[in-house]
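Engineer: Structure supplied as run-v5.cif; contents: mmCIF, C-alpha atoms.
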data_final
loop_
_atom_site.label_atom_id
_atom_site.label_comp_id
_atom_site.auth_asym_id
_atom_site.auth_seq_id
_atom_site.Cartn_x
_atom_site.Cartn_y
_atom_site.Cartn_z
CA MET A 16 3.56 -7.39 20.90
CA SER A 17 3.47 -5.07 23.91
CA ARG A 18 2.35 -1.45 23.65
CA ARG A 19 5.91 -0.36 24.53
CA ALA A 20 7.30 -2.46 21.67
CA LEU A 21 4.78 -0.96 19.21
CA ILE A 22 5.77 2.54 20.29
CA LEU A 23 9.46 1.70 19.88
CA VAL A 24 8.84 0.31 16.40
CA ALA A 25 6.81 3.37 15.41
CA MET A 26 9.45 5.77 16.76
CA ALA A 27 12.16 3.90 14.89
CA GLY A 28 10.20 4.15 11.65
CA CYS A 29 10.09 0.35 11.32
CA VAL A 30 13.65 0.32 9.96
CA HIS A 31 15.11 -0.29 13.36
CA GLY A 32 11.97 -1.83 14.84
CA ALA A 33 13.47 -5.29 15.02
CA ALA A 34 16.41 -3.96 17.00
CA ALA A 35 13.98 -2.26 19.38
CA LEU A 36 12.14 -5.54 19.84
CA ALA A 37 15.40 -7.38 20.45
CA ALA A 38 16.11 -4.92 23.28
CA GLU A 39 12.84 -6.01 24.90
CA PRO A 40 13.08 -9.82 25.12
CA ALA A 41 10.66 -10.17 28.02
CA THR A 42 7.75 -8.78 25.97
CA ALA A 43 8.70 -9.88 22.45
CA THR A 44 6.31 -12.35 20.90
CA PRO A 45 7.32 -16.02 20.85
CA ALA A 46 7.46 -15.84 17.05
CA ALA A 47 9.92 -12.94 17.23
CA GLN A 48 12.03 -14.83 19.74
CA ALA A 49 12.00 -17.97 17.60
CA ALA A 50 12.85 -16.19 14.34
CA PRO A 51 16.26 -14.49 14.59
CA ALA A 52 16.02 -13.50 10.91
CA ALA A 53 13.08 -11.24 11.79
CA GLN A 54 15.35 -9.38 14.19
CA ALA A 55 17.82 -8.22 11.53
CA THR A 56 17.52 -4.71 10.20
CA PRO A 57 17.03 -4.40 6.43
CA ALA A 58 20.62 -3.30 5.92
CA GLN A 59 21.88 -6.40 7.77
CA ALA A 60 19.59 -8.96 6.18
CA ALA A 61 21.25 -10.85 3.37
CA PRO A 62 18.86 -11.76 0.57
CA PRO A 63 18.63 -15.47 -0.12
CA ALA A 64 20.00 -16.96 -3.29
CA GLN A 65 17.42 -16.62 -6.04
CA PRO A 66 15.95 -19.82 -7.43
CA ALA A 67 15.25 -20.51 -11.07
CA ALA A 68 11.97 -18.97 -12.25
CA SER A 69 10.76 -22.50 -13.10
CA ASP A 70 10.74 -23.51 -9.41
CA PRO A 71 7.73 -21.74 -7.84
CA ALA A 72 8.13 -23.40 -4.42
CA SER A 73 11.74 -22.24 -4.09
CA ALA A 74 10.79 -18.78 -5.37
CA GLU A 75 8.07 -18.49 -2.73
CA ALA A 76 10.46 -19.68 -0.01
CA ALA A 77 13.02 -17.06 -1.08
CA GLY A 78 10.37 -14.32 -0.97
CA ALA A 79 9.17 -15.52 2.42
CA ALA A 80 12.73 -15.33 3.76
CA VAL A 81 13.16 -11.74 2.53
CA PHE A 82 9.76 -10.86 4.05
CA ALA A 83 10.68 -12.42 7.40
CA ALA A 84 13.99 -10.55 7.50
CA ASN A 85 12.66 -7.14 6.47
CA CYS A 86 8.88 -6.74 6.62
CA VAL A 87 7.36 -8.91 9.32
CA VAL A 88 8.21 -6.51 12.17
CA CYS A 89 5.81 -3.89 10.85
CA HIS A 90 3.39 -5.82 8.62
CA GLY A 91 3.12 -9.03 10.66
CA ALA A 92 3.89 -12.61 9.70
CA LYS A 93 0.68 -12.96 7.69
CA GLY A 94 0.74 -9.41 6.27
CA GLN A 95 -2.19 -8.36 8.45
CA GLY A 96 -0.51 -5.05 9.40
CA GLN A 97 -0.70 -3.31 12.75
CA PRO A 98 -3.30 -0.69 13.65
CA SER A 99 -2.01 2.86 13.14
CA LEU A 100 1.48 1.54 12.39
CA ALA A 101 1.55 -0.43 9.14
CA PRO A 102 -1.23 -1.27 6.67
CA PRO A 103 -2.25 -4.81 5.82
CA LEU A 104 -0.77 -6.38 2.69
CA THR A 105 -3.60 -8.85 2.22
CA SER A 106 -5.62 -7.25 -0.60
CA TYR A 107 -4.26 -4.16 -2.36
CA PRO A 108 -0.99 -5.74 -3.58
CA ALA A 109 -2.94 -8.41 -5.51
CA ARG A 110 -5.00 -5.69 -7.17
CA TYR A 111 -1.92 -3.60 -7.95
CA ALA A 112 -0.19 -6.56 -9.61
CA GLY A 113 -3.01 -6.82 -12.15
CA ILE A 114 -2.30 -3.48 -13.87
CA PRO A 115 0.94 -1.96 -15.23
CA GLU A 116 0.86 1.16 -13.01
CA GLY A 117 0.11 -0.97 -9.98
CA ARG A 118 3.09 -3.20 -10.73
CA ARG A 119 5.23 -0.07 -10.93
CA GLN A 120 3.77 1.04 -7.57
CA LEU A 121 4.81 -2.20 -5.90
CA ALA A 122 8.42 -1.82 -7.07
CA MET A 123 8.47 1.92 -6.29
CA THR A 124 7.25 1.29 -2.75
CA MET A 125 10.02 -1.20 -2.05
CA LEU A 126 12.70 1.02 -3.59
CA GLY A 127 11.64 4.43 -2.27
CA GLY A 128 9.57 3.63 0.79
CA MET A 129 6.40 5.61 1.43
CA PHE A 130 5.78 8.53 3.77
CA GLY A 131 2.56 10.11 4.93
CA GLY A 132 -1.06 9.29 5.47
CA ILE A 133 -2.86 6.61 3.48
CA ASP A 134 -6.16 4.78 3.80
CA VAL A 135 -6.41 1.01 3.34
CA GLU A 136 -9.67 -0.91 3.64
CA GLY A 137 -11.30 1.89 5.61
CA HIS A 138 -8.43 2.38 8.06
CA HIS A 139 -6.04 5.33 8.17
CA PHE A 140 -2.29 4.90 8.51
CA ASP A 141 0.17 7.76 8.89
CA PHE A 142 3.49 6.06 8.70
CA LYS A 143 6.98 6.04 7.32
CA MET A 144 7.83 2.88 5.43
CA PRO A 145 11.57 2.66 4.86
CA GLU A 146 13.13 2.11 1.49
CA PHE A 147 14.66 -1.26 0.69
CA ALA A 148 16.82 -0.19 -2.26
CA GLN A 149 19.82 -1.89 -0.62
CA LEU A 150 18.31 -5.26 -1.60
CA ASP A 151 18.98 -6.48 -5.13
CA ASP A 152 16.33 -6.57 -7.85
CA ALA A 153 15.84 -10.35 -7.65
CA ALA A 154 15.31 -10.23 -3.87
CA LEU A 155 12.79 -7.40 -4.22
CA ALA A 156 10.92 -9.26 -6.98
CA SER A 157 10.82 -12.40 -4.82
CA VAL A 158 9.40 -10.60 -1.79
CA LEU A 159 6.86 -8.76 -3.93
CA ASN A 160 5.72 -12.07 -5.41
CA PHE A 161 5.45 -13.54 -1.91
CA VAL A 162 3.26 -10.62 -0.84
CA VAL A 163 1.14 -10.62 -4.01
CA PHE A 164 0.57 -14.37 -4.29
CA ALA A 165 1.03 -15.91 -0.82
CA LEU A 166 -0.36 -13.10 1.35
CA ALA A 167 -2.74 -11.19 -0.94
CA GLN A 168 -3.83 -14.28 -2.92
CA ALA A 169 -3.61 -12.82 -6.44
CA PRO A 170 -5.22 -15.00 -9.10
CA ALA A 171 -2.92 -17.38 -10.99
CA GLN A 172 -3.38 -15.46 -14.27
CA VAL A 173 -1.59 -12.41 -12.80
CA PRO A 174 2.02 -12.50 -14.05
CA ARG A 175 4.76 -12.77 -11.44
CA LEU A 176 6.81 -9.60 -10.93
CA THR A 177 10.31 -9.75 -12.36
CA ALA A 178 13.72 -8.43 -11.41
CA GLU A 179 13.63 -6.51 -14.70
CA GLU A 180 10.52 -4.60 -13.59
CA VAL A 181 12.24 -3.66 -10.33
CA LYS A 182 15.39 -2.64 -12.23
CA ALA A 183 13.34 -0.35 -14.50
CA GLU A 184 11.95 1.49 -11.46
CA ARG A 185 15.36 1.65 -9.80
CA ALA A 186 16.56 3.69 -12.81
CA SER A 187 14.18 6.55 -11.85
CA PRO A 188 14.16 6.69 -8.04
CA LEU A 189 11.37 8.48 -6.20
CA THR A 190 11.11 9.80 -2.67
CA GLY A 191 8.68 8.23 -0.23
CA ALA A 192 6.34 11.20 -0.69
CA GLN A 193 6.41 10.81 -4.49
CA VAL A 194 5.64 7.11 -4.11
CA ARG A 195 2.57 8.01 -2.02
CA GLU A 196 1.45 10.49 -4.71
CA HIS A 197 1.77 7.80 -7.39
CA ARG A 198 -0.28 5.47 -5.19
CA ALA A 199 -3.22 7.90 -5.42
CA LYS A 200 -3.07 7.59 -9.22
CA VAL A 201 -3.08 3.78 -8.99
CA LEU A 202 -6.05 3.78 -6.61
CA GLY A 203 -7.93 5.94 -9.11
CA LEU A 204 -7.15 3.52 -11.94
CA LEU A 205 -8.43 0.64 -9.79
CA GLY A 206 -11.52 2.55 -8.67
CA LEU A 207 -10.56 2.32 -5.01
#
Would it be possible to restate this file's structure as structure tokens?

Structural biologist:
Amino acid sequence: MSRRALILVAMAGCVHGAAALAAEPATATPAAQAAPAAQATPAQAAPPAQPAASDPASAEAAGAAVFAANCVVCHGAKGQGQPSLAPPLTSYPARYAGIPEGRRQLAMTMLGGMFGGIDVEGHHFDFKMPEFAQLDDAALASVLNFVVFALAQAPAQVPRLTAEEVKAERASPLTGAQVREHRAKVLGLLGL
């Protein structure tokens, strides 16, 4: 991704980053050009139909589709993040999913976004992650499971996140700043 594209994404707060990249076809990455779904804004991306919980391969594919449509612009196709723009999703989400407050954090982050400075794996990020509350609970659970298990490689004994867990957090919405404050509590519980 070109420096200009990164700046456009950062200025747009990632929400409209895909649209900014679409306006710059000459410098967009081949993956971005080949994946039209990654160029939809979160409000435009339709969540895929949710598979039965007994079909893990379909569930992972559904989560991957939601990720490609909404998250890949900032976090990258493999969840590696982008320096100074978006943190990697390759370790902390797996740790979060192993404790109740961490599971709440994952759902809160998707529903309320997160604003302000955070540190991840020794790197500082001062960003504005948008909220994705417009997506339904099943779509959010599927993308969280994709991040936790496919990208962050959580152990098999960690339970998959459910639409019911997302729904419970939706009932008490938080601002992006409040989500960041809760994150500090979770990091303390995990000893990070």

Engineer: Using only C-alpha atoms, which protein or nucleic acid residues come within 10 Å of His138 of chain A? Drop anything in the same chain fewer than 4 positions from it, and give the result as a PyMOL selection string.

Structural biologist: chain A and resi 98-99+102-103+133-134

Engineer: Pick the closest to Thr177 of chain A from A:Ala112, A:Ala76, A:Val87, A:Leu189: which is it, counting all atoms listed in the file?

Structural biologist: A:Ala112

Engineer: Taking all atoms listed in the file into account, which of A:Val81, A:Leu121, A:Cys86, A:Ala192 comes nearest Val163 of chain A?

Structural biologist: A:Leu121

Engineer: When you draw a straight line from atom CA of Met129 of chain A to atom CA of Val194 of chain A, how long is it in Å?

Structural biologist: 5.8 Å

Engineer: Could you spell out the hits of the PyMOL selection byres ((chain A and resi 180) around 9) on the shown file, as a count of residues only?

Structural biologist: 14

Engineer: For Phe142 of chain A, which of A:Leu126, A:Ala80, A:Leu100, A:Ala165 is the closest residue, counting all atoms listed in the file?

Structural biologist: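 So, comparing all the options, the nearest one is A:Leu100.
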
Engineer: Between atom CA of Leu204 of chain A and atom CA of Gly94 of chain A, what is the spacing in Å?

Structural biologist: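 Atom CA of Leu204 of chain A lies 23.7 Å from atom CA of Gly94 of chain A.
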
Engineer: Go through A:Met125, A:Ala109, A:Ala186, A:Val135 one by one, measure the shortest atom-to-atom distance of each to Leu155 of chain A using all atoms listed in the file, and give the residue with the smallest value.

Structural biologist: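 Result for the nearest residue to Leu155 of chain A: A:Met125.
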
Engineer: Please evaluate the PyMOL selection byres ((chain A and resi 106) around 10) against the structure above and give the resulting residues as a list in words.

Structural biologist: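 Going through the file, the PyMOL selection byres ((chain A and resi 106) around 10) ends up selecting Gly94, Gln95, Pro103, Leu104, Thr105, Tyr107, Pro108, Ala109, Arg110, Tyr111, Val135, Glu136, Val162, Val163, Leu166, Ala167, Gln168 and Ala169 of chain A.
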
Engineer: Go through A:Thr124, A:Arg195, A:Pro170, A:Phe164 and flag the residue nearest Ala72 of chain A, using all atoms listed in the file for the distances.

Structural biologist: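 The closest residue to Ala72 of chain A is A:Phe164.
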